[in-house]
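Novice: Hey, dropping work-v4.cif in here, mmCIF, C-alpha atoms:
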data_my_file
loop_
_atom_site.label_atom_id
_atom_site.label_comp_id
_atom_site.auth_asym_id
_atom_site.auth_seq_id
_atom_site.Cartn_x
_atom_site.Cartn_y
_atom_site.Cartn_z
CA MET A 1 68.05 18.37 8.49
CA THR A 2 68.35 16.25 5.35
CA ILE A 3 65.46 14.99 3.25
CA ASN A 4 65.79 11.61 1.60
CA GLN A 5 64.42 10.83 -1.86
CA GLN A 6 61.26 9.18 -0.54
CA ASP A 7 60.45 12.18 1.67
CA LEU A 8 61.11 14.55 -1.25
CA GLU A 9 58.74 12.62 -3.51
CA THR A 10 56.09 12.67 -0.77
CA LEU A 11 56.44 16.45 -0.36
CA GLN A 12 56.28 17.01 -4.11
CA SER A 13 53.20 14.81 -4.36
CA SER A 14 51.50 16.70 -1.53
CA GLU A 15 52.36 20.06 -3.07
CA SER A 16 51.00 18.92 -6.42
CA ALA A 17 47.77 17.79 -4.79
CA ILE A 18 47.41 21.10 -2.95
CA ASN A 19 48.02 23.09 -6.11
CA SER A 20 45.58 20.88 -7.99
CA ASP A 21 42.94 21.42 -5.31
CA ASN A 22 43.51 25.20 -5.41
CA ILE A 23 43.18 25.28 -9.18
CA GLU A 24 40.02 23.18 -9.06
CA GLU A 25 38.57 25.40 -6.33
CA LYS A 26 39.37 28.53 -8.36
CA LEU A 27 37.71 27.08 -11.45
CA ILE A 28 34.62 26.19 -9.45
CA GLU A 29 34.44 29.72 -8.05
CA GLU A 30 34.90 31.39 -11.43
CA ASP A 31 33.07 28.99 -13.76
CA SER A 32 30.43 27.18 -11.72
CA VAL A 33 26.86 27.03 -12.94
CA ASP A 34 25.88 26.96 -9.26
CA ILE A 35 25.80 30.66 -8.30
CA THR A 36 26.20 29.81 -4.61
CA ARG A 37 29.78 28.71 -5.36
CA LEU A 38 30.83 31.88 -7.15
CA ARG A 39 33.32 34.26 -5.64
CA THR A 40 31.97 37.80 -5.51
CA PRO A 41 34.65 40.51 -5.85
CA ILE A 42 34.91 42.86 -2.89
CA LYS A 43 35.04 45.96 -5.05
CA ILE A 44 35.27 46.69 -8.76
CA ASP A 45 36.31 50.09 -10.10
CA LEU A 46 33.51 51.00 -12.50
CA SER A 47 34.74 54.53 -13.24
CA PRO A 48 35.97 53.50 -16.75
CA VAL A 49 32.47 52.18 -17.51
CA TYR A 50 30.75 55.32 -16.24
CA ASN A 51 33.18 57.54 -18.16
CA PHE A 52 32.65 55.55 -21.35
CA LEU A 53 28.85 55.81 -21.29
CA GLY A 54 27.14 59.05 -22.25
CA ALA A 55 24.24 58.80 -19.80
CA HIS A 56 23.42 57.17 -16.47
CA THR A 57 20.50 54.82 -15.94
CA THR A 58 17.59 56.77 -14.51
CA LYS A 59 15.98 56.05 -11.15
CA ALA A 60 12.70 55.59 -13.02
CA TRP A 61 14.17 52.62 -14.91
CA VAL A 62 15.60 51.07 -11.74
CA ASP A 63 12.26 51.43 -9.94
CA ALA A 64 10.38 49.89 -12.87
CA ALA A 65 12.90 47.04 -13.10
CA ILE A 66 12.50 46.20 -9.42
CA GLU A 67 8.71 46.14 -9.86
CA ASN A 68 9.06 43.80 -12.86
CA LEU A 69 12.00 41.69 -11.74
CA PRO A 70 10.95 38.36 -13.33
CA MET A 71 10.78 40.03 -16.74
CA ILE A 72 14.16 41.71 -16.23
CA ILE A 73 15.71 38.38 -15.21
CA GLN A 74 14.39 36.64 -18.32
CA ASP A 75 15.46 39.49 -20.58
CA HIS A 76 18.91 39.25 -19.00
CA ALA A 77 18.95 35.57 -20.01
CA ASN A 78 17.93 36.59 -23.53
CA CYS A 79 20.77 39.11 -23.62
CA GLU A 80 23.36 36.49 -22.65
CA LYS A 81 22.03 34.11 -25.29
CA LYS A 82 21.98 36.82 -27.98
CA ALA A 83 25.53 37.90 -27.11
CA ALA A 84 26.76 34.34 -27.53
CA GLY A 85 24.81 33.96 -30.79
CA THR A 86 26.20 37.21 -32.18
CA ALA A 87 29.74 36.19 -31.31
CA MET A 88 29.16 32.78 -32.95
CA ASN A 89 27.99 34.45 -36.17
CA LEU A 90 31.02 36.72 -36.15
CA ILE A 91 33.43 33.86 -35.60
CA PHE A 92 32.27 32.32 -38.88
CA ARG A 93 32.21 35.58 -40.84
CA TYR A 94 35.60 36.97 -39.79
CA GLU A 95 38.12 34.15 -39.78
CA PHE A 96 41.13 36.24 -40.82
CA SER A 97 42.07 37.55 -37.37
CA TYR A 98 43.59 35.26 -34.73
CA ASP A 99 43.00 37.75 -31.91
CA LEU A 100 39.39 38.24 -32.96
CA GLN A 101 38.75 34.50 -33.21
CA ARG A 102 40.32 33.84 -29.80
CA LYS A 103 38.40 36.64 -28.07
CA LEU A 104 35.13 35.60 -29.68
CA ALA A 105 35.65 31.98 -28.60
CA GLN A 106 36.26 33.10 -25.03
CA LEU A 107 33.23 35.37 -25.15
CA ILE A 108 30.93 32.60 -26.43
CA ARG A 109 32.02 30.31 -23.61
CA GLU A 110 31.53 33.00 -20.97
CA GLU A 111 28.18 34.25 -22.25
CA MET A 112 26.73 30.74 -22.44
CA LEU A 113 27.88 30.06 -18.88
CA HIS A 114 26.08 33.22 -17.75
CA TYR A 115 23.01 32.14 -19.71
CA GLU A 116 23.01 28.80 -17.90
CA GLN A 117 23.46 30.55 -14.55
CA VAL A 118 20.47 32.83 -15.17
CA LEU A 119 18.38 29.85 -16.25
CA GLY A 120 19.26 28.28 -12.90
CA ILE A 121 18.11 31.43 -11.10
CA MET A 122 14.79 31.33 -12.96
CA ASN A 123 14.35 27.68 -12.06
CA GLU A 124 15.08 28.34 -8.38
CA ARG A 125 12.50 31.11 -8.35
CA GLY A 126 9.91 28.89 -10.03
CA GLN A 127 9.82 31.28 -12.96
CA GLU A 128 8.49 29.96 -16.26
CA TRP A 129 9.87 31.10 -19.59
CA LYS A 130 7.57 33.51 -21.41
CA TYR A 131 7.71 35.19 -24.79
CA LEU A 132 9.47 38.55 -24.75
CA SER A 133 9.80 40.69 -27.83
CA ALA A 134 13.12 42.37 -28.51
CA GLY A 135 13.43 45.96 -27.38
CA ARG A 136 14.54 48.91 -29.50
CA TYR A 137 18.04 49.22 -28.02
CA ALA A 138 20.27 47.05 -30.22
CA LYS A 139 18.27 47.80 -33.36
CA GLY A 140 18.53 51.49 -32.60
CA MET A 141 22.31 51.30 -32.78
CA LEU A 142 22.67 48.70 -35.53
CA LYS A 143 20.69 50.81 -37.98
CA HIS A 144 23.69 53.17 -38.02
CA LYS A 145 26.16 50.39 -38.85
CA ARG A 146 28.15 51.00 -42.02
CA THR A 147 27.58 48.49 -44.83
CA TYR A 148 31.11 47.94 -46.16
CA GLU A 149 34.02 46.05 -44.62
CA PRO A 150 35.96 46.35 -42.41
CA ALA A 151 33.93 49.38 -41.30
CA ALA A 152 30.84 47.22 -40.67
CA MET A 153 32.77 44.93 -38.36
CA VAL A 154 34.34 47.90 -36.56
CA ASP A 155 30.88 49.35 -35.92
CA VAL A 156 29.52 46.02 -34.68
CA LEU A 157 32.37 45.78 -32.17
CA ILE A 158 31.88 49.37 -31.00
CA ILE A 159 28.16 48.69 -30.53
CA GLY A 160 29.09 45.55 -28.60
CA ALA A 161 31.28 47.67 -26.33
CA PHE A 162 28.34 49.91 -25.45
CA ILE A 163 26.02 46.96 -24.84
CA GLU A 164 28.54 45.39 -22.46
CA ALA A 165 29.23 48.65 -20.64
CA ARG A 166 25.51 49.35 -20.22
CA SER A 167 24.94 45.83 -18.92
CA CYS A 168 27.65 46.36 -16.34
CA GLU A 169 26.23 49.71 -15.27
CA ARG A 170 22.77 48.24 -14.83
CA PHE A 171 23.98 45.22 -12.87
CA ALA A 172 25.64 47.65 -10.47
CA ALA A 173 22.52 49.81 -10.23
CA LEU A 174 20.27 46.83 -9.50
CA ALA A 175 22.67 45.28 -7.00
CA GLU A 176 22.52 48.47 -4.92
CA VAL A 177 18.76 48.35 -4.31
CA ILE A 178 17.44 44.88 -5.04
CA ASP A 179 15.67 43.13 -2.16
CA ASP A 180 17.19 39.74 -2.92
CA GLU A 181 20.69 39.29 -1.54
CA ARG A 182 21.42 36.18 -3.58
CA LEU A 183 20.51 37.91 -6.84
CA ALA A 184 22.36 41.07 -5.79
CA LYS A 185 25.45 38.97 -5.06
CA TYR A 186 25.22 37.40 -8.52
CA TYR A 187 24.98 40.80 -10.18
CA ARG A 188 28.05 41.94 -8.25
CA TYR A 189 29.87 38.80 -9.40
CA LEU A 190 29.08 39.68 -13.03
CA LEU A 191 30.70 43.10 -12.69
CA LYS A 192 34.19 41.61 -12.86
CA SER A 193 33.76 40.18 -16.35
CA GLU A 194 31.33 42.74 -17.73
CA SER A 195 33.52 45.69 -16.68
CA ARG A 196 36.35 44.55 -18.95
CA HIS A 197 34.33 43.33 -21.94
CA PHE A 198 33.76 46.78 -23.39
CA GLU A 199 37.50 47.47 -23.46
CA ASP A 200 38.12 44.15 -25.22
CA TYR A 201 35.58 45.09 -27.89
CA LEU A 202 37.15 48.49 -28.41
CA ALA A 203 40.64 47.03 -28.70
CA LEU A 204 39.43 44.55 -31.32
CA ALA A 205 37.63 47.29 -33.22
CA GLN A 206 40.78 49.43 -33.34
CA SER A 207 42.88 46.46 -34.42
CA LEU A 208 40.68 46.01 -37.50
CA SER A 209 40.74 49.67 -38.52
CA ASP A 210 43.54 51.60 -40.19
CA GLU A 211 41.98 54.81 -38.87
CA ASN A 212 41.43 55.93 -35.30
CA ILE A 213 37.98 54.81 -34.13
CA ASP A 214 37.43 57.64 -31.62
CA GLU A 215 35.06 59.49 -33.94
CA ARG A 216 32.84 56.42 -34.39
CA VAL A 217 32.92 55.73 -30.66
CA ALA A 218 31.80 59.31 -29.98
CA PHE A 219 29.01 58.95 -32.54
CA PHE A 220 27.63 55.76 -30.99
CA LYS A 221 28.03 57.24 -27.51
CA GLU A 222 25.45 59.88 -28.45
CA VAL A 223 23.15 57.32 -30.09
CA GLU A 224 23.30 54.98 -27.07
CA ALA A 225 22.75 57.79 -24.58
CA GLU A 226 19.65 58.93 -26.47
CA LEU A 227 18.22 55.40 -26.47
CA ILE A 228 18.80 55.10 -22.71
CA SER A 229 17.54 58.57 -21.76
CA SER A 230 14.50 59.00 -24.00
CA PRO A 231 11.01 57.62 -23.16
CA ASP A 232 10.55 53.96 -24.01
CA ALA A 233 7.21 52.15 -24.21
CA GLU A 234 8.75 48.73 -23.47
CA LEU A 235 10.64 47.82 -20.30
CA ARG A 236 13.68 45.69 -21.05
CA PHE A 237 17.13 45.21 -19.56
CA HIS A 238 18.51 47.81 -21.98
CA SER A 239 15.42 49.95 -22.42
CA GLY A 240 15.14 53.70 -22.05
CA THR A 241 13.28 55.69 -19.43
CA PRO A 242 9.82 54.13 -18.88
CA ALA A 243 7.25 56.15 -20.81
#
Output the file's structure in the form of structure tokens.

Specialist:
Amino acid sequence: MTINQQDLETLQSSESAINSDNIEEKLIEEDSVDITRLRTPIKIDLSPVYNFLGAHTTKAWVDAAIENLPMIIQDHANCEKKAAGTAMNLIFRYEFSYDLQRKLAQLIREEMLHYEQVLGIMNERGQEWKYLSAGRYAKGMLKHKRTYEPAAMVDVLIIGAFIEARSCERFAALAEVIDDERLAKYYRYLLKSESRHFEDYLALAQSLSDENIDERVAFFKEVEAELISSPDAELRFHSGTPA
């Protein structure tokens, strides 16, 4: 069977439209503010995250988080906003690295999308924004940051890796037990991006250092594990065991 020029142009036009629709659909699934249109991965291998962290979230924290879910949801929103703000500060301070600038730009875009999504969840639940003080977690790690460059930047990126890995681990823990299928589905959706963020941070940290960063990673692994395992008077998304 032969295809004339008009038929060929029609087929090409149809194929282009189909591809365009598929691309648009994929973008909606991956980048939509509407969480009902997000594609939730069937299964994500979190073993690299669990191996990277020095301690598991305790059942006591999970139980307390479920009992105080509105506060945990808002603190999650705060975390997304702070992550974007931190990346924005870094993008102005460290303009010498193309890879760093590109990764930070991507991170800002992604974190702000997540922030907007969590705001939408709060609005759907009729949850008003309330003042929440910052917990001890990030400060507890940043106080160990070196003060000279590029070591300071390396430490900031390593700390960022632990924050992202812990976020991922806690999304997974909450999704297992939360009595809200829509919210559980959203937390499972976040696992795909959060599970790779910590590795991106580590790769950037190593790229900025002439020395192997394993020793600093091991140091902050102990610091982070202590903050997560020890008694904590304030319940936050990254807080320790409830006191």

Novice: Tell me which residues the PyMOL selection byres ((chain A and resi 156) around 10) grabs here, as a ChimeraX atom specification.

Specialist: /A:86,90,141-142,144-146,151-155,157-161,201,205

Novice: Please write as a CSV table (one decimal) with C-alpha atoms, in the frame of the given file the full residue list that the PyMOL selection byres ((chain A and resi 136) around 10) yields on this file.

Specialist:
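File produced: part.csv:
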chain,number,residue,atom,x,y,z
A,133,SER,CA,9.8,40.7,-27.8
A,134,ALA,CA,13.1,42.4,-28.5
A,135,GLY,CA,13.4,46.0,-27.4
A,137,TYR,CA,18.0,49.2,-28.0
A,138,ALA,CA,20.3,47.0,-30.2
A,139,LYS,CA,18.3,47.8,-33.4
A,140,GLY,CA,18.5,51.5,-32.6
A,141,MET,CA,22.3,51.3,-32.8
A,227,LEU,CA,18.2,55.4,-26.5
A,232,ASP,CA,10.6,54.0,-24.0
A,233,ALA,CA,7.2,52.2,-24.2
A,234,GLU,CA,8.8,48.7,-23.5
A,236,ARG,CA,13.7,45.7,-21.0
A,238,HIS,CA,18.5,47.8,-22.0
A,239,SER,CA,15.4,50.0,-22.4
A,240,GLY,CA,15.1,53.7,-22.0

Novice: Of the candidates A:Phe198, A:Ser32, A:Tyr94, A:Leu53, which one gets nearest to Glu116 in chain A if we count all atoms listed in the file?

Specialist: A:Ser32

Novice: Work out where the centre of an axis-aligned box around every listed atom of range 185-196 of chain A lies and how long its edges are once 3 Å is added on each side; give both in Å to one decimal as JSON.

Specialist:
{"center_x": 30.7, "center_y": 41.5, "center_z": -12.0, "size_x": 17.4, "size_y": 14.3, "size_z": 19.9}

Novice: Restricting the calculation to all atoms listed in the file, which member of A:Leu104, A:Ala225, A:Ile121, A:Leu46 is positioned closest to His76 in chain A?

Specialist: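 Between A:Leu104, A:Ala225, A:Ile121, A:Leu46, the residue approaching His76 in chain A most closely is A:Ile121.
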
Novice: Using all atoms listed in the file, which residue out of A:Arg166, A:Arg109, A:His114, A:Lys130 lies closest to Arg196 in chain A?

Specialist: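 So, comparing all the options, the nearest one is A:Arg166.
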
Novice: Rounded to one decimal in Å, what is the spacing between CA of Glu128 in chain A and CA of Ile73 in chain A?

Specialist: 11.1 Å

Novice: One number please: CA of Ala77 in chain A to CA of Tyr115 in chain A, in Å, one decimal.

Specialist: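 Going from CA of Ala77 in chain A over to CA of Tyr115 in chain A covers 5.3 Å.
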
Novice: What lies within 7 Å of range 58-70 of chain A using all atoms listed in the file, ignoring chain neighbours under 2 positions off, as a list in words?

Specialist: His56, Ile72, Ile73, Gln74, Leu174, Ile178, Thr241 and Pro242 of chain A

Novice: Find the residues near Ser195 in chain A: any atom within 9 Å, counting all atoms listed in the file, skip ones fewer than 6 places away on the same chain, and give them as a compact mmCIF listing (two decimals) with C-alpha atoms, in the frame of the given file.

Specialist:
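Writing done, so here's selection-v2.txt:
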# COMPACT_ATOMS: atom_id res chain seq x y z
CA ILE A 44 35.27 46.69 -8.76
CA ASP A 45 36.31 50.09 -10.10
CA LEU A 46 33.51 51.00 -12.50
CA PRO A 48 35.97 53.50 -16.75
CA VAL A 49 32.47 52.18 -17.51
CA GLU A 164 28.54 45.39 -22.46
CA ALA A 165 29.23 48.65 -20.64
CA SER A 167 24.94 45.83 -18.92
CA CYS A 168 27.65 46.36 -16.34
CA GLU A 169 26.23 49.71 -15.27

Novice: For each of A:Glu224, A:Glu111, A:Asp99, A:Glu181, take the minimum atom-to-atom distance to Ala83 in chain A, counting only C-alpha atoms, then give the residue where this is smallest.

Specialist: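 Looking at the shortest contact to Ala83 in chain A, the residue is A:Glu111.
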
Novice: Name the closest residue to Glu222 in chain A among the candidates A:Leu208, A:Leu235, A:Ala105, A:Phe162; distances are taken between atoms, counting only C-alpha atoms.

Specialist: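 Ranking A:Leu208, A:Leu235, A:Ala105, A:Phe162 by distance to Glu222 in chain A, first place goes to A:Phe162.
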
Novice: What does the distance between CA of Leu107 in chain A and CA of Met88 in chain A come to in Å, to one decimal place?

Specialist: 9.2 Å

Novice: Give me, as a PyMOL selection string, all polymer residues having an atom no more than 9 Å from Phe171 in chain A, counting all atoms listed in the file and skipping those fewer than 4 positions away in the same chain.

Specialist: chain A and resi 166-167+175-176+184+187-188+190-191

Novice: My list of candidates is A:Ala172, A:Arg216, A:Leu119, A:Glu149. Which is closest to Ser47 in chain A when distances are computed with only C-alpha atoms?

Specialist: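 Of the candidates, the smallest distance to Ser47 in chain A is held by A:Ala172.
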